[in-house]
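Here's the structure we're looking at; comments come further down.
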Amino acid sequence: MTPNSKFYKDTNAEIIMVKTPRQIEKNVSASFGYVKKDMLMLNDALSQIHDKIQHLSLNQATLLSEVEKLRAQVGVKKPRNSKKKR
């Protein structure tokens with residue numbers, strides 16, 4: 001049996017896998033790969049949300065300018081703040 005090969009121990013009818021340093025390294029590398037993939041997916045999702053918020057802000061600004069134009073055409077004054085000073 002080579003030093004880097006996997007081997008099993010049978011103890012009290014339980015099989016315990018003894019991992020080599022190389023196997024542990026592979027498992028850790030795979031785990032980091034999954035974490036990286038998840039982080040990239042999260043980054044993409046946040047970018048999409050950011051784009052949608054920018055789009056909504058642009059739509060709001062466009063609508064507000066249209067409302068101002070319509071108010072000017074109708075002759076309605078801009079409403080005051082509803083807060084009263086005490």
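So you can find residues: chains in the structure tokens are A, B, ... in the order shown, residues in each start at 1, and ligands are numbered from 1 in order.
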
Can you pull out every residue from region 14-86 of chain A that DSSP, working from the backbone, puts in alpha helix (DSSP H), and format the result as a ChimeraX atom specification? /A:21-74

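A straight line drawn from CA of Ile53 (chain A) to CA of Lys78 (chain A) is 26.7 Å long.
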
Between CA of Lys36 (chain A) and CA of Pro21 (chain A) - distance in Å to one decimal: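 Between CA of Pro21 (chain A) and CA of Lys36 (chain A) the gap works out to 22.4 Å.
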